[in-house]
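Trainee: So here's structure39.cif, just mmCIF, C-alpha atoms:
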```cif
data_work
#
loop_
_atom_site.group_PDB
_atom_site.id
_atom_site.type_symbol
_atom_site.label_atom_id
_atom_site.label_comp_id
_atom_site.auth_asym_id
_atom_site.auth_seq_id
_atom_site.Cartn_x
_atom_site.Cartn_y
_atom_site.Cartn_z
ATOM 1 C CA MET W 1 -4.045 0.616 45.252
ATOM 2 C CA VAL W 2 -4.530 0.490 41.502
ATOM 3 C CA GLN W 3 -4.930 3.768 39.681
ATOM 4 C CA HIS W 4 -8.264 4.297 37.897
ATOM 5 C CA LEU W 5 -7.744 5.103 34.206
ATOM 6 C CA THR W 6 -10.209 6.934 31.989
ATOM 7 C CA TYR W 7 -10.047 7.998 28.370
ATOM 8 C CA GLY W 8 -9.065 11.605 27.867
ATOM 9 C CA ARG W 9 -11.428 12.087 24.924
ATOM 10 C CA ARG W 10 -15.159 11.639 24.592
ATOM 11 C CA LEU W 11 -15.077 8.418 22.566
ATOM 12 C CA SER W 12 -15.385 5.641 25.147
ATOM 13 C CA TYR W 13 -15.202 2.552 22.935
ATOM 14 C CA ASN W 14 -12.123 0.545 21.960
ATOM 15 C CA THR W 15 -12.374 1.256 18.242
ATOM 16 C CA ALA W 16 -9.611 1.372 15.625
ATOM 17 C CA SER W 17 -9.378 5.155 15.897
ATOM 18 C CA ASN W 18 -9.276 5.138 19.713
ATOM 19 C CA LYS W 19 -6.182 3.012 20.412
ATOM 20 C CA THR W 20 -4.081 3.932 23.423
ATOM 21 C CA ARG W 21 -0.960 2.936 25.302
ATOM 22 C CA LEU W 22 -0.003 3.458 28.919
ATOM 23 C CA ALA W 23 2.554 6.115 29.755
ATOM 24 C CA ARG W 24 3.997 7.404 32.985
ATOM 25 C CA THR W 25 4.026 11.187 33.422
ATOM 26 C CA PRO W 26 6.758 13.166 35.203
ATOM 27 C CA GLY W 27 4.348 13.469 38.145
ATOM 28 C CA ASN W 28 4.406 9.647 38.404
ATOM 29 C CA ARG W 29 0.835 9.177 37.211
ATOM 30 C CA ILE W 30 -0.113 6.559 34.633
ATOM 31 C CA VAL W 31 -2.223 7.963 31.806
ATOM 32 C CA TYR W 32 -3.445 6.894 28.382
ATOM 33 C CA PHE W 33 -1.503 8.130 25.338
ATOM 34 C CA TYR W 34 -3.448 8.060 22.107
ATOM 35 C CA THR W 35 -1.523 6.273 19.367
ATOM 36 C CA LYS W 36 -1.753 7.103 15.697
ATOM 37 C CA LYS W 37 -2.669 4.480 13.137
ATOM 38 C CA VAL W 38 0.270 2.633 11.603
ATOM 39 C CA GLY W 39 1.006 3.421 7.975
ATOM 40 C CA LYS W 40 1.878 0.933 5.248
ATOM 41 C CA ALA W 41 4.404 1.316 2.455
ATOM 42 C CA PRO W 42 2.946 1.082 -1.056
ATOM 43 C CA LYS W 43 2.835 -2.260 -2.851
ATOM 44 C CA SER W 44 4.698 -3.008 -6.060
ATOM 45 C CA ALA W 45 2.732 -2.128 -9.208
ATOM 46 C CA CYS W 46 3.831 -5.258 -11.075
ATOM 47 C CA GLY W 47 1.408 -7.384 -9.059
ATOM 48 C CA VAL W 48 3.841 -10.319 -8.868
ATOM 49 C CA CYS W 49 6.084 -9.240 -5.986
ATOM 50 C CA PRO W 50 4.501 -10.084 -2.624
ATOM 51 C CA GLY W 51 6.144 -7.434 -0.421
ATOM 52 C CA ARG W 52 6.055 -3.684 -0.151
ATOM 53 C CA LEU W 53 8.368 -1.126 -1.761
ATOM 54 C CA CYS W 54 11.645 -0.482 0.058
ATOM 55 C CA GLY W 55 12.948 3.063 0.372
ATOM 56 C CA VAL W 56 9.469 4.608 0.486
ATOM 57 C CA ARG W 57 8.202 5.901 3.822
ATOM 58 C CA ALA W 58 5.378 3.881 5.379
ATOM 59 C CA VAL W 59 3.032 6.605 6.608
ATOM 60 C CA ARG W 60 -0.655 7.487 6.578
ATOM 61 C CA PRO W 61 -2.029 9.268 3.483
ATOM 62 C CA LYS W 62 -2.292 12.694 5.123
ATOM 63 C CA VAL W 63 1.342 12.574 6.247
ATOM 64 C CA LEU W 64 2.400 11.246 2.838
ATOM 65 C CA MET W 65 0.853 14.300 1.237
ATOM 66 C CA ARG W 66 3.135 16.576 3.280
ATOM 67 C CA LEU W 67 6.339 14.585 2.664
ATOM 68 C CA PRO W 68 8.866 15.841 0.107
ATOM 69 C CA LYS W 69 9.101 13.986 -3.196
ATOM 70 C CA THR W 70 12.478 12.470 -2.249
ATOM 71 C CA LYS W 71 10.826 10.480 0.565
ATOM 72 C CA LYS W 72 8.026 9.181 -1.681
ATOM 73 C CA HIS W 73 10.047 7.430 -4.383
ATOM 74 C CA VAL W 74 13.402 5.773 -4.999
ATOM 75 C CA SER W 75 15.946 7.585 -7.180
ATOM 76 C CA ARG W 76 16.546 5.031 -9.924
ATOM 77 C CA ALA W 77 14.764 4.085 -13.138
ATOM 78 C CA TYR W 78 11.259 2.825 -12.358
ATOM 79 C CA GLY W 79 11.995 3.769 -8.758
ATOM 80 C CA GLY W 80 8.397 4.512 -7.872
ATOM 81 C CA PRO W 81 6.250 1.536 -8.874
ATOM 82 C CA MET W 82 8.672 -1.397 -9.051
ATOM 83 C CA ARG W 83 10.844 -3.251 -6.552
ATOM 84 C CA ALA W 84 14.614 -3.299 -7.151
ATOM 85 C CA LYS W 85 14.877 -7.066 -7.663
ATOM 86 C CA ARG W 86 12.011 -7.100 -10.150
ATOM 87 C CA PHE W 87 13.569 -4.221 -12.092
ATOM 88 C CA CYS W 88 16.952 -5.977 -12.145
ATOM 89 C CA ASP W 89 15.378 -9.195 -13.462
ATOM 90 C CA ARG W 90 13.463 -7.336 -16.170
ATOM 91 C CA THR W 91 16.538 -5.457 -17.408
ATOM 92 C CA LYS W 92 18.548 -8.711 -17.483
ATOM 93 C CA ARG W 93 15.777 -10.449 -19.399
ATOM 94 C CA ALA W 94 15.529 -7.599 -21.915
ATOM 95 C CA PHE W 95 19.310 -7.621 -22.420
ATOM 96 C CA LEU W 96 19.401 -11.391 -22.938
ATOM 97 C CA ILE W 97 16.534 -11.243 -25.451
ATOM 98 C CA GLU W 98 18.412 -8.597 -27.449
ATOM 99 C CA GLU W 99 21.579 -10.692 -27.311
ATOM 100 C CA GLN W 100 19.651 -13.703 -28.566
ATOM 101 C CA LYS W 101 18.329 -11.676 -31.525
ATOM 102 C CA THR W 102 21.849 -10.600 -32.505
ATOM 103 C CA VAL W 103 23.094 -14.213 -32.229
ATOM 104 C CA VAL W 104 20.299 -15.370 -34.554
ATOM 105 C CA LYS W 105 21.254 -12.644 -37.075
ATOM 106 C CA VAL W 106 24.919 -13.673 -36.975
ATOM 107 C CA LEU W 107 24.036 -17.374 -37.443
ATOM 108 C CA LYS W 108 21.789 -16.520 -40.416
ATOM 109 C CA ALA W 109 24.610 -14.521 -41.960
ATOM 110 C CA GLN W 110 27.088 -17.405 -41.476
ATOM 111 C CA ALA W 111 24.732 -20.086 -42.871
ATOM 112 C CA PRO W 112 25.095 -19.194 -46.618
ATOM 113 C CA SER W 113 28.914 -19.012 -46.316
ATOM 114 C CA GLN W 114 29.014 -22.515 -44.793
ATOM 115 C CA LYS W 115 26.739 -23.895 -47.567
ATOM 116 C CA ALA W 116 29.210 -22.621 -50.169
ATOM 117 C CA LYS W 117 31.999 -24.713 -48.640
#
```
Can you dump the structure from the file as C-alpha cells?
Mentor:
Amino acid sequence: MVQHLTYGRRLSYNTASNKTRLARTPGNRIVYFYTKKVGKAPKSACGVCPGRLCGVRAVRPKVLMRLPKTKKHVSRAYGGPMRAKRFCDRTKRAFLIEEQKTVVKVLKAQAPSQKAK
C-alpha cells in the first residue's frame, strides 16, 4: 500500500516557497522535507562577462549577510566586482597601451637624429 503524504505546514499549494523533497526517516516512514531556495552567485559588474563570479559563495541574501567578508569577495585587486579573466585582459591591455606610448616617444626622439644623417 502506498503511504499517504501531506504537507507538514499550513501552506497547501506548490508555490516557489513551498518546495519539498521526499526523505525516509529512521522509523522507515517517507515524509516531506522542505527545501530552501537555491542561491545565485553575483554577476560581474563589467556587464560584458556572461557568467557569475567565481570564489564568491552562492547563497540567499539573508545568509550572505551573516557570512564573513572573506567568503563574499576574492582576495585580489578588483576581486569583488570583476571576473579574473576580465581583470587579466584589462591589465594586459593597459600595459600594452603604456608600452605603445613609450615606443612612440622613442621613435619621435630618434626621428631628428636620422634626418641629420
Trainee: For Arg60 (chain W), please output as a PDB file with C-alpha atoms, in the frame of the given file all residues within 8 Å (counting only C-alpha atoms; exclusion window: fewer than 6 positions along the same chain).
Mentor:
```pdb
ATOM      1  CA  LYS W  37      -2.669   4.480  13.137  1.00  0.00           C
ATOM      2  CA  VAL W  38       0.270   2.633  11.603  1.00  0.00           C
ATOM      3  CA  GLY W  39       1.006   3.421   7.975  1.00  0.00           C
ATOM      4  CA  LYS W  40       1.878   0.933   5.248  1.00  0.00           C
TER       5      LYS W  40
END
```
Trainee: One decimal, in Å: what's the spacing between CA of Arg86 (chain W) and CA of Ala45 (chain W)?
Mentor: 10.6 Å
Trainee: Could you give me, as an MDAnalysis selection string, the residues within 9 Å of Val31 (chain W), counting all atoms listed in the file and dropping anything in the same chain fewer than 3 positions from it?
Mentor: chainID W and resid 5:8 21:25
Trainee: Next, the residues of the selection above should be written as a JSON list (two decimals), keeping the file's coordinate frame with C-alpha atoms.
Mentor:
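out18.json written:
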```json
[["chain", "number", "residue", "atom", "x", "y", "z"],
["W", 5, "LEU", "CA", -7.74, 5.10, 34.21],
["W", 6, "THR", "CA", -10.21, 6.93, 31.99],
["W", 7, "TYR", "CA", -10.05, 8.00, 28.37],
["W", 8, "GLY", "CA", -9.06, 11.60, 27.87],
["W", 21, "ARG", "CA", -0.96, 2.94, 25.30],
["W", 22, "LEU", "CA", 0.00, 3.46, 28.92],
["W", 23, "ALA", "CA", 2.55, 6.12, 29.76],
["W", 24, "ARG", "CA", 4.00, 7.40, 32.98],
["W", 25, "THR", "CA", 4.03, 11.19, 33.42]]
```
Trainee: Emit as lines of an AutoDock Vina configuration file the padded axis-aligned box for all listed atoms of region 68-71 of chain W, 4 Å per side, with centre and edge lengths in Å to one decimal.
Mentor:
```
center_x = 10.7
center_y = 13.2
center_z = -1.3
size_x = 11.6
size_y = 13.4
size_z = 11.8
```
Trainee: Which of these residues is nearest to Arg76 (chain W), using only C-alpha atoms: W:Val106, W:Val63, W:Asp89, W:Gly55?
Mentor: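 Using only C-alpha atoms, Arg76 (chain W) sits closest to W:Gly55.
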Trainee: Just how far from CA of Lys43 (chain W) is CA of Lys85 (chain W), in Å to one decimal?
Mentor: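 The value is 13.8 Å.
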Trainee: Check the smallest atom-to-atom distance from each of W:Ser113, W:Thr102, W:Thr70, W:Thr35 to Ala16 (chain W) using only C-alpha atoms, then report the winner.
Mentor: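 Going through W:Ser113, W:Thr102, W:Thr70, W:Thr35 one by one, the smallest distance to Ala16 (chain W) is for W:Thr35.
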Trainee: Identify which of the residues W:Lys105, W:Arg83, W:Lys62, W:Thr15 lies closest to Pro42 (chain W), counting only C-alpha atoms when measuring atom-to-atom distances.
Mentor: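 Residue with the minimum atom-to-atom distance to Pro42 (chain W): W:Arg83.
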Trainee: Could you give me, as a VMD selection string, the residues within 12 Å of Ser44 (chain W), counting all atoms listed in the file and dropping anything in the same chain fewer than 6 positions from it?
Mentor: chain W and resid 50 to 54 56 73 78 to 87
Trainee: Of the residues W:Lys36, W:Arg29, W:Lys19, W:Arg93, which is the one nearest to Gln3 (chain W), using only C-alpha atoms?
Mentor: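 For Gln3 (chain W), the nearest of the candidates is W:Arg29.
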Trainee: I need the residue nearest Leu64 (chain W) from this list: W:Lys115, W:Ala41, W:Leu107, W:Leu11. Use all atoms listed in the file for the distance.
Mentor: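 The answer is W:Ala41, which sits nearest to Leu64 (chain W).
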Trainee: Between CA of Arg57 (chain W) and CA of Lys69 (chain W), measure the distance and give it in Å to one decimal.
Mentor: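 Pair CA of Arg57 (chain W) / CA of Lys69 (chain W) returns 10.7 Å.
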